[in-house]
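Q: Quick one, input29.txt (compact mmCIF, C-alpha atoms):
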```txt
# COMPACT_ATOMS: atom_id res chain seq x y z
CA MET A 1 -162.65 -81.14 -67.89
CA THR A 2 -159.37 -82.88 -67.21
CA GLN A 3 -159.23 -85.67 -64.72
CA ASN A 4 -157.00 -85.76 -61.68
CA LYS A 5 -154.00 -87.98 -62.18
CA GLN A 6 -152.70 -90.57 -59.80
CA ALA A 7 -149.27 -91.91 -58.97
CA THR A 8 -148.43 -94.91 -56.84
CA VAL A 9 -145.17 -95.00 -54.92
CA PHE A 10 -143.67 -98.26 -53.69
CA VAL A 11 -141.10 -98.02 -50.92
CA ARG A 12 -138.91 -101.03 -50.18
CA LEU A 13 -136.10 -101.72 -47.75
CA LYS A 14 -132.76 -101.94 -49.51
CA ASP A 15 -131.20 -105.37 -49.95
CA GLY A 16 -129.20 -106.20 -46.88
CA VAL A 17 -131.28 -104.10 -44.51
CA LEU A 18 -132.79 -106.43 -41.94
CA ASP A 19 -136.58 -106.64 -42.14
CA PRO A 20 -137.64 -108.20 -38.83
CA GLN A 21 -141.32 -108.00 -39.81
CA GLY A 22 -140.68 -109.91 -43.02
CA VAL A 23 -138.68 -112.55 -41.13
CA THR A 24 -141.49 -112.96 -38.58
CA ILE A 25 -144.15 -113.26 -41.30
CA GLN A 26 -142.05 -115.84 -43.16
CA LYS A 27 -141.71 -117.88 -39.95
CA ALA A 28 -145.47 -117.69 -39.38
CA LEU A 29 -146.12 -118.91 -42.93
CA ALA A 30 -143.74 -121.83 -42.43
CA GLN A 31 -145.49 -122.68 -39.18
CA MET A 32 -148.82 -122.67 -41.05
CA GLY A 33 -147.39 -125.26 -43.42
CA TYR A 34 -146.48 -122.87 -46.26
CA ASP A 35 -142.79 -123.64 -46.21
CA GLU A 36 -142.40 -122.92 -49.94
CA PHE A 37 -142.22 -119.22 -49.15
CA THR A 38 -138.59 -119.01 -48.19
CA SER A 39 -138.36 -115.24 -47.73
CA VAL A 40 -140.75 -112.34 -47.13
CA ARG A 41 -139.80 -108.67 -47.45
CA THR A 42 -142.28 -106.00 -46.39
CA GLY A 43 -142.71 -102.53 -47.84
CA LYS A 44 -145.16 -99.66 -48.17
CA PHE A 45 -147.12 -98.06 -50.95
CA PHE A 46 -148.62 -94.61 -51.26
CA GLU A 47 -151.36 -93.46 -53.63
CA LEU A 48 -150.97 -89.81 -54.58
CA GLN A 49 -153.83 -87.94 -56.24
CA ILE A 50 -152.42 -85.16 -58.37
CA ASP A 51 -154.15 -81.94 -59.34
CA ALA A 52 -154.87 -82.01 -63.10
CA GLY A 53 -153.25 -78.62 -63.57
CA ALA A 54 -150.02 -79.49 -61.78
CA GLU A 55 -146.78 -78.79 -63.61
CA ASP A 56 -143.34 -80.37 -63.41
CA ILE A 57 -144.95 -83.25 -61.56
CA ASP A 58 -142.39 -85.98 -62.28
CA ARG A 59 -139.66 -83.97 -60.64
CA LYS A 60 -141.90 -83.13 -57.68
CA ILE A 61 -142.84 -86.78 -57.15
CA ASP A 62 -139.17 -87.74 -57.11
CA GLU A 63 -138.50 -84.91 -54.70
CA VAL A 64 -141.18 -85.90 -52.18
CA CYS A 65 -140.13 -89.53 -52.42
CA SER A 66 -136.53 -88.83 -51.51
CA LYS A 67 -137.35 -86.09 -49.00
CA LEU A 68 -140.20 -87.70 -47.10
CA LEU A 69 -141.81 -90.90 -48.35
CA ALA A 70 -138.58 -92.93 -48.35
CA ASN A 71 -135.46 -92.69 -46.23
CA PRO A 72 -132.62 -93.07 -48.76
CA VAL A 73 -130.34 -94.54 -46.08
CA ILE A 74 -132.44 -97.69 -45.78
CA GLU A 75 -135.07 -97.60 -48.51
CA THR A 76 -135.57 -97.37 -52.26
CA PHE A 77 -138.66 -96.10 -54.07
CA GLU A 78 -140.37 -96.80 -57.34
CA VAL A 79 -143.07 -94.64 -58.94
CA LYS A 80 -145.88 -96.03 -61.11
CA LYS A 81 -148.31 -93.72 -62.93
CA MET B 1 -126.68 -72.93 -18.91
CA LYS B 2 -129.97 -72.40 -20.66
CA VAL B 3 -131.68 -75.43 -22.10
CA GLY B 4 -134.55 -75.59 -24.58
CA VAL B 5 -136.65 -78.75 -24.72
CA VAL B 6 -138.63 -79.15 -27.95
CA THR B 7 -142.20 -80.37 -27.63
CA PHE B 8 -143.66 -82.09 -30.69
CA PRO B 9 -147.20 -83.45 -30.75
CA GLY B 10 -146.58 -86.91 -29.28
CA SER B 11 -143.44 -86.07 -27.28
CA ASN B 12 -143.71 -87.75 -23.89
CA CYS B 13 -140.29 -87.31 -22.31
CA ASP B 14 -140.24 -83.52 -22.59
CA TYR B 15 -141.28 -83.08 -18.96
CA ASP B 16 -138.70 -85.65 -17.80
CA ALA B 17 -135.98 -83.69 -19.57
CA TYR B 18 -137.34 -80.41 -18.20
CA ALA B 19 -137.41 -81.78 -14.63
CA ALA B 20 -133.90 -83.23 -14.90
CA ILE B 21 -132.47 -79.88 -16.03
CA LYS B 22 -134.49 -77.67 -13.69
CA HIS B 23 -134.78 -79.68 -10.47
CA VAL B 24 -131.74 -81.95 -10.57
CA MET B 25 -129.20 -79.81 -12.42
CA GLY B 26 -130.65 -76.54 -11.10
CA GLU B 27 -130.37 -74.89 -14.50
CA GLU B 28 -132.64 -72.71 -16.58
CA VAL B 29 -134.92 -74.55 -18.99
CA GLU B 30 -137.84 -73.78 -21.22
CA PHE B 31 -140.12 -75.67 -23.59
CA LEU B 32 -139.87 -74.88 -27.30
CA TRP B 33 -143.10 -75.55 -29.19
CA HIS B 34 -142.70 -77.38 -32.51
CA LYS B 35 -144.45 -74.59 -34.41
CA SER B 36 -142.15 -71.93 -32.99
CA GLU B 37 -139.13 -70.70 -34.91
CA ASP B 38 -137.34 -69.30 -31.88
CA LEU B 39 -134.78 -71.25 -29.84
CA ALA B 40 -135.13 -68.67 -27.02
CA GLY B 41 -131.40 -68.23 -26.57
CA SER B 42 -130.80 -71.88 -25.63
CA ASP B 43 -127.21 -73.08 -25.14
CA LEU B 44 -128.42 -76.67 -25.50
CA VAL B 45 -131.45 -77.89 -27.42
CA ILE B 46 -132.90 -81.25 -26.40
CA LEU B 47 -135.11 -83.22 -28.78
CA PRO B 48 -136.87 -85.49 -26.30
CA GLY B 49 -138.24 -89.00 -26.45
CA GLY B 50 -141.76 -89.94 -27.41
CA PHE B 51 -143.73 -90.61 -30.55
CA SER B 52 -143.65 -87.35 -32.46
CA TYR B 53 -146.53 -87.18 -34.94
CA GLY B 54 -147.54 -90.69 -33.84
CA ASP B 55 -144.39 -92.17 -35.43
CA TYR B 56 -146.37 -92.03 -38.68
CA LEU B 57 -144.46 -92.96 -41.84
CA ARG B 58 -141.16 -93.56 -39.97
CA ALA B 59 -140.17 -92.50 -36.47
CA GLY B 60 -139.02 -88.88 -36.65
CA ALA B 61 -139.80 -88.46 -40.35
CA ILE B 62 -142.56 -85.87 -39.94
CA ALA B 63 -141.01 -84.01 -37.00
CA ARG B 64 -137.97 -83.42 -39.16
CA PHE B 65 -140.04 -80.96 -41.25
CA SER B 66 -141.61 -79.07 -38.33
CA PRO B 67 -140.92 -75.31 -38.17
CA ILE B 68 -138.63 -75.50 -35.11
CA LEU B 69 -136.39 -78.06 -36.82
CA GLY B 70 -135.33 -75.50 -39.41
CA LYS B 71 -133.89 -73.43 -36.57
CA VAL B 72 -132.42 -76.46 -34.80
CA ILE B 73 -130.62 -77.52 -37.99
CA GLY B 74 -129.15 -74.01 -38.42
CA PHE B 75 -128.13 -73.94 -34.76
CA ALA B 76 -126.44 -77.36 -35.05
CA GLN B 77 -124.67 -76.40 -38.25
CA SER B 78 -123.22 -73.33 -36.57
CA GLY B 79 -121.82 -75.48 -33.74
CA GLY B 80 -124.71 -75.24 -31.25
CA LEU B 81 -125.26 -78.14 -28.85
CA VAL B 82 -128.17 -80.36 -29.89
CA MET B 83 -128.98 -83.58 -28.11
CA GLY B 84 -131.54 -86.08 -29.38
CA ILE B 85 -132.76 -88.68 -26.94
CA CYS B 86 -134.62 -91.75 -28.26
CA ASN B 87 -137.23 -90.27 -30.66
CA GLY B 88 -134.97 -87.21 -30.74
CA PHE B 89 -132.16 -89.41 -32.10
CA GLN B 90 -134.54 -90.69 -34.78
CA VAL B 91 -135.43 -87.09 -35.70
CA LEU B 92 -131.73 -86.17 -35.98
CA THR B 93 -130.99 -89.05 -38.37
CA GLU B 94 -134.06 -88.21 -40.46
CA ALA B 95 -132.90 -84.58 -40.57
CA GLY B 96 -129.46 -85.65 -41.78
CA LEU B 97 -127.71 -84.11 -38.76
CA LEU B 98 -126.51 -87.57 -37.79
CA PRO B 99 -125.68 -90.42 -40.16
CA GLY B 100 -127.44 -93.76 -40.41
CA ALA B 101 -130.96 -94.79 -39.47
CA LEU B 102 -132.83 -96.39 -36.58
CA ILE B 103 -134.85 -99.36 -37.72
CA ARG B 104 -137.20 -101.80 -36.01
CA ASN B 105 -135.71 -103.69 -33.06
CA LYS B 106 -134.45 -107.07 -34.16
CA SER B 107 -136.78 -108.73 -31.62
CA LEU B 108 -139.76 -106.76 -33.02
CA ARG B 109 -140.57 -105.95 -29.39
CA PHE B 110 -140.72 -102.60 -27.66
CA SER B 111 -137.96 -102.83 -25.10
CA CYS B 112 -138.18 -100.94 -21.81
CA LYS B 113 -135.47 -101.76 -19.29
CA GLN B 114 -132.24 -100.66 -17.63
CA VAL B 115 -129.17 -101.23 -19.78
CA TYR B 116 -125.45 -100.64 -19.37
CA LEU B 117 -123.60 -98.22 -21.62
CA ARG B 118 -119.87 -97.93 -22.01
CA VAL B 119 -118.39 -94.50 -22.69
CA GLU B 120 -116.36 -94.85 -25.88
CA ASN B 121 -115.21 -91.26 -26.33
CA ASN B 122 -114.96 -88.71 -23.53
CA GLN B 123 -113.80 -85.88 -25.77
CA THR B 124 -117.34 -84.74 -26.50
CA PRO B 125 -119.46 -82.05 -24.79
CA TYR B 126 -121.74 -84.87 -23.57
CA THR B 127 -119.17 -87.22 -22.05
CA ASN B 128 -116.33 -85.07 -20.72
CA ALA B 129 -117.33 -85.81 -17.08
CA CYS B 130 -116.74 -89.53 -17.76
CA ALA B 131 -113.65 -91.61 -18.39
CA VAL B 132 -113.37 -93.82 -21.47
CA GLY B 133 -114.60 -97.25 -20.40
CA ASP B 134 -116.93 -95.93 -17.68
CA VAL B 135 -120.08 -98.04 -17.50
CA LEU B 136 -123.33 -96.10 -16.99
CA ARG B 137 -126.67 -97.62 -16.03
CA ILE B 138 -129.38 -95.89 -18.04
CA PRO B 139 -132.82 -97.08 -19.19
CA ILE B 140 -134.06 -97.60 -22.74
CA ALA B 141 -137.67 -97.54 -23.95
CA HIS B 142 -138.06 -97.98 -27.70
CA GLY B 143 -139.30 -100.18 -30.51
CA GLU B 144 -137.10 -98.72 -33.23
CA GLY B 145 -133.60 -98.29 -31.87
CA ASN B 146 -131.70 -100.68 -34.08
CA TYR B 147 -128.85 -98.52 -35.39
CA TYR B 148 -128.09 -99.24 -39.03
CA HIS B 149 -125.63 -97.79 -41.49
CA PHE B 150 -123.67 -99.02 -44.51
CA ASP B 151 -120.56 -101.06 -43.71
CA GLY B 152 -118.07 -98.48 -44.97
CA ASP B 153 -119.78 -95.65 -43.11
CA ILE B 154 -119.88 -97.62 -39.87
CA LYS B 155 -116.14 -98.14 -40.20
CA ALA B 156 -115.58 -94.40 -40.75
CA LEU B 157 -117.79 -93.61 -37.75
CA GLU B 158 -115.82 -96.00 -35.56
CA GLU B 159 -112.43 -94.82 -36.77
CA SER B 160 -113.21 -91.16 -36.18
CA GLY B 161 -114.31 -91.83 -32.59
CA ARG B 162 -117.89 -90.80 -33.21
CA VAL B 163 -119.42 -93.66 -31.27
CA ALA B 164 -120.14 -92.07 -27.89
CA PHE B 165 -121.85 -94.99 -26.15
CA ARG B 166 -122.07 -98.73 -26.71
CA TYR B 167 -124.40 -101.31 -25.11
CA VAL B 168 -122.39 -103.58 -22.81
CA ASP B 169 -122.95 -105.98 -19.94
CA HIS B 170 -122.41 -104.90 -16.34
CA THR B 171 -118.68 -105.67 -16.60
CA GLY B 172 -118.32 -103.39 -19.62
CA ALA B 173 -118.00 -106.19 -22.16
CA VAL B 174 -119.61 -105.84 -25.60
CA THR B 175 -121.75 -108.95 -26.01
CA ALA B 176 -124.67 -109.96 -28.21
CA GLU B 177 -126.81 -110.50 -25.10
CA ALA B 178 -126.17 -106.91 -23.97
CA ASN B 179 -127.43 -105.56 -27.29
CA PRO B 180 -131.14 -104.80 -26.72
CA ASN B 181 -132.16 -104.03 -30.30
CA GLY B 182 -129.72 -105.43 -32.84
CA SER B 183 -127.75 -102.19 -33.36
CA LEU B 184 -124.61 -102.61 -35.44
CA ASN B 185 -121.52 -102.88 -33.22
CA ASN B 186 -123.81 -102.42 -30.16
CA ILE B 187 -123.98 -98.68 -30.95
CA ALA B 188 -126.19 -96.78 -28.48
CA GLY B 189 -125.15 -93.19 -29.19
CA ILE B 190 -123.15 -91.24 -31.76
CA VAL B 191 -121.97 -87.68 -32.31
CA ASN B 192 -121.64 -85.69 -35.52
CA GLU B 193 -118.31 -84.69 -37.03
CA GLY B 194 -118.07 -81.54 -34.91
CA GLY B 195 -119.06 -83.41 -31.76
CA ASN B 196 -121.77 -80.83 -30.98
CA VAL B 197 -124.72 -83.03 -31.97
CA LEU B 198 -125.41 -86.19 -29.96
CA GLY B 199 -128.03 -88.84 -30.59
CA MET B 200 -128.63 -91.64 -28.11
CA MET B 201 -131.43 -94.16 -27.70
CA PRO B 202 -131.11 -94.54 -23.88
CA HIS B 203 -132.71 -91.94 -21.62
CA PRO B 204 -130.22 -90.12 -19.35
CA GLU B 205 -133.04 -87.84 -18.13
CA ARG B 206 -134.68 -90.90 -16.57
CA ALA B 207 -131.55 -91.73 -14.57
CA VAL B 208 -131.03 -88.63 -12.46
CA GLU B 209 -132.37 -89.53 -9.00
CA SER B 210 -131.79 -92.54 -6.77
CA ILE B 211 -135.52 -93.30 -6.71
CA LEU B 212 -135.31 -93.86 -10.47
CA GLY B 213 -132.77 -96.65 -9.97
CA SER B 214 -129.73 -94.80 -11.27
CA MET B 215 -128.19 -91.34 -11.20
CA ASP B 216 -125.69 -91.99 -13.99
CA GLY B 217 -127.59 -89.78 -16.43
CA ILE B 218 -126.41 -86.75 -14.46
CA LYS B 219 -122.94 -87.30 -15.93
CA VAL B 220 -124.25 -86.48 -19.39
CA PHE B 221 -125.87 -83.20 -18.32
CA ALA B 222 -122.91 -82.29 -16.07
CA SER B 223 -120.65 -82.81 -19.09
CA VAL B 224 -122.72 -80.36 -21.12
CA ARG B 225 -122.57 -77.82 -18.29
CA SER B 226 -118.80 -78.01 -18.03
CA ALA B 227 -118.41 -77.92 -21.82
CA LEU B 228 -120.48 -74.72 -21.94
CA GLN B 229 -118.54 -73.20 -19.04
CA ALA B 230 -115.22 -73.96 -20.75
CA TYR B 231 -116.55 -72.51 -23.99
CA LYS B 232 -117.65 -69.32 -22.22
CA LEU B 233 -114.28 -68.96 -20.46
CA VAL B 234 -112.53 -69.24 -23.81
CA GLY B 235 -114.97 -66.71 -25.23
CA GLU B 236 -114.21 -64.19 -22.49
CA LYS B 237 -110.43 -64.29 -23.00
```
Would you mind writing the file out in structure tokens?
A:
Amino acid sequence: MTQNKQATVFVRLKDGVLDPQGVTIQKALAQMGYDEFTSVRTGKFFELQIDAGAEDIDRKIDEVCSKLLANPVIETFEVKK
Amino acid sequence: MKVGVVTFPGSNCDYDAYAAIKHVMGEEVEFLWHKSEDLAGSDLVILPGGFSYGDYLRAGAIARFSPILGKVIGFAQSGGLVMGICNGFQVLTEAGLLPGALIRNKSLRFSCKQVYLRVENNQTPYTNACAVGDVLRIPIAHGEGNYYHFDGDIKALEESGRVAFRYVDHTGAVTAEANPNGSLNNIAGIVNEGGNVLGMMPHPERAVESILGSMDGIKVFASVRSALQAYKLVGEK
């Protein structure tokens, strides 16, 4: 029996898009004494379980990333399998 | 005019919009359920404020794929009037009907207060009852209203007069202090290329009676009414 496959999708804000959460976390770190961390950028990741019998899956992953998981105006995505 | 107000799971300004149209404007209005694929003959579709689908993933991202949106997109593409308020604006950018994106407020705080908006373009179906430079007092209530777009696209938007409203101070001046969320160029509302789709973060439906602190929101709905009347007169000729 074939095993289900898994893909992990990382979604990041594009360079230049303000990340107020990252800025706030960086400030908190500095306040805690960790001033060596000069920048923090936040992002998201998604774990997708894929039916073992699925076909054309690379194209479909790309499709769902650009349609739903990431907003191409502000974000980029990276898929790891 | 006949107005359809879309209700998504998590919409919370749908009744405000309904009441503004029915009781203040005295016009016909009906709710459109998100699972429906029928716009019920609406002349104007309002995507209201709230937290559609819990704002999961990104604000507006899931609502954009709801059954009713397919019809709304077709309606907008054929020139129909579609107005997105707050979460509705977020849905319209996610759907690609309006350019850019609405990201987290620069302050990271949810901001709920009265703000001043300056009318930048009165040649739209949503602003024709105003003069350019008019200052309207209308409330905001959002955590993700920070309008963002690429530099070149912002320039194109500005040059083609597609900025409908800008955050200003009470004198009408564009200042950093008057910008409640970090939006580029203090942008509060934009229209699409055809002018028939409007997205705005402030809530005109919450500024329609004196008890609410302002009646300036009426100008937006009165503009739509006169735009539709003019359109119908042209149609009859």
Q: Give me the chain A side of the contact with chain B, cut-off 10 Å, one line per residue showing its nearest atom pair and distance in Å at one decimal, counting all atoms listed in the file, sorted by chain and residue number, as CSV.
A:
```
residue,atom,partner,partner_atom,distance
A:Gly16,CA,B:Phe150,CA,9.4
A:Val17,CA,B:Tyr148,CA,8.0
A:Leu18,CA,B:Lys106,CA,8.0
A:Asp19,CA,B:Arg104,CA,7.8
A:Pro20,CA,B:Lys106,CA,5.8
A:Gln21,CA,B:Leu108,CA,7.1
A:Val23,CA,B:Lys106,CA,9.8
A:Thr24,CA,B:Leu108,CA,8.5
A:Lys44,CA,B:Leu57,CA,9.2
A:Lys67,CA,B:Ala61,CA,9.3
A:Leu68,CA,B:Ala61,CA,6.8
A:Leu69,CA,B:Leu57,CA,7.3
A:Ala70,CA,B:Leu57,CA,8.8
A:Asn71,CA,B:Glu94,CA,7.4
A:Pro72,CA,B:Ala101,CA,9.6
A:Val73,CA,B:Gly100,CA,6.4
A:Ile74,CA,B:Ala101,CA,7.1
```
Q: Near B:Leu81, counting all atoms listed in the file, which residues have an atom at most 9 Å away, once you skip same-chain residues fewer than 5 positions from it, shown as a short mmCIF file (atom, residue, chain, number, x, y, z; two decimals) with C-alpha atoms, in the frame of the given file?
A:
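Output contents, as saved in part04.cif:
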```
data_model
loop_
_atom_site.label_atom_id
_atom_site.label_comp_id
_atom_site.auth_asym_id
_atom_site.auth_seq_id
_atom_site.Cartn_x
_atom_site.Cartn_y
_atom_site.Cartn_z
CA SER B 42 -130.80 -71.88 -25.63
CA ASP B 43 -127.21 -73.08 -25.14
CA LEU B 44 -128.42 -76.67 -25.50
CA VAL B 45 -131.45 -77.89 -27.42
CA ILE B 46 -132.90 -81.25 -26.40
CA PHE B 75 -128.13 -73.94 -34.76
CA ALA B 76 -126.44 -77.36 -35.05
CA PRO B 125 -119.46 -82.05 -24.79
CA GLY B 195 -119.06 -83.41 -31.76
CA ASN B 196 -121.77 -80.83 -30.98
CA VAL B 197 -124.72 -83.03 -31.97
CA LEU B 198 -125.41 -86.19 -29.96
CA VAL B 224 -122.72 -80.36 -21.12
#
```
Q: Write out as a list in words the residues lying within 7 Å of B:Gly60, counting only C-alpha atoms and excluding same-chain residues fewer than 6 positions away.
A: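 Residues meeting the cut-off are Ser52, Asn87, Gln90, Val91 and Glu94 of chain B.
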Q: For the residues in the current selection, export C-alpha atoms as a tab-separated table (two decimals), keeping the file's coordinate frame.
A:
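Below is the file that was written, selection-v8.tsv:
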```tsv
chain	number	residue	atom	x	y	z
B	52	SER	CA	-143.65	-87.35	-32.46
B	87	ASN	CA	-137.23	-90.27	-30.66
B	90	GLN	CA	-134.54	-90.69	-34.78
B	91	VAL	CA	-135.43	-87.09	-35.70
B	94	GLU	CA	-134.06	-88.21	-40.46
```
Q: Atom CA of B:Val82 and atom CA of B:Arg137, how far apart in Å?
A: 22.2 Å
Q: Could you tell me how far atom CA of B:Arg225 sits from atom CA of B:Gly79, in Å to one decimal place?
A: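 Spanning atom CA of B:Gly79 to atom CA of B:Arg225 is a straight-line distance of 15.6 Å.
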Q: Counting all atoms listed in the file, I want the residues whose atoms come within 10 Å of (-157.3, -90.1, -61.0) in the file frame, returned as a PyMOL selection string.
A: chain A and resi 2-7+48-52+81
Q: I'd like to know which of B:Ser214, B:Ser36, B:Gln114, B:Gln77 is closest to B:Leu98, using all atoms listed in the file.
A: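 Selected residue with least distance to B:Leu98: B:Gln77.
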Q: Considering all atoms listed in the file, return as number ranges by chain whatever protein or nucleic-acid residues lie within 7 Å of B:Val132, sequence-local ones (same chain, fewer than 4 positions apart) excluded.
A: B: 119-122
Q: Can you tell me how far atom CA of A:Val9 sits from atom CA of B:Tyr53, in Å to one decimal?
A: 21.5 Å
Q: What's the 8 Å shell around A:Glu75, counting all atoms listed in the file, without same-chain residues fewer than 5 positions away, as a list in words?
A: Val11, Arg12, Leu13, Lys14 and Ala70 of chain A
Q: Compare B:His34, B:Arg118, B:Lys219, B:Arg206 by their minimum atom-to-atom distance to B:Tyr18, counting only C-alpha atoms, and give me the closest one.
A: B:Arg206
Q: Of the residues A:Cys65, A:Asp15, A:Arg59, A:Lys27, which is the one nearest to A:Ser39, using only C-alpha atoms?
A: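 Among the listed residues, A:Lys27 lies closest to A:Ser39.
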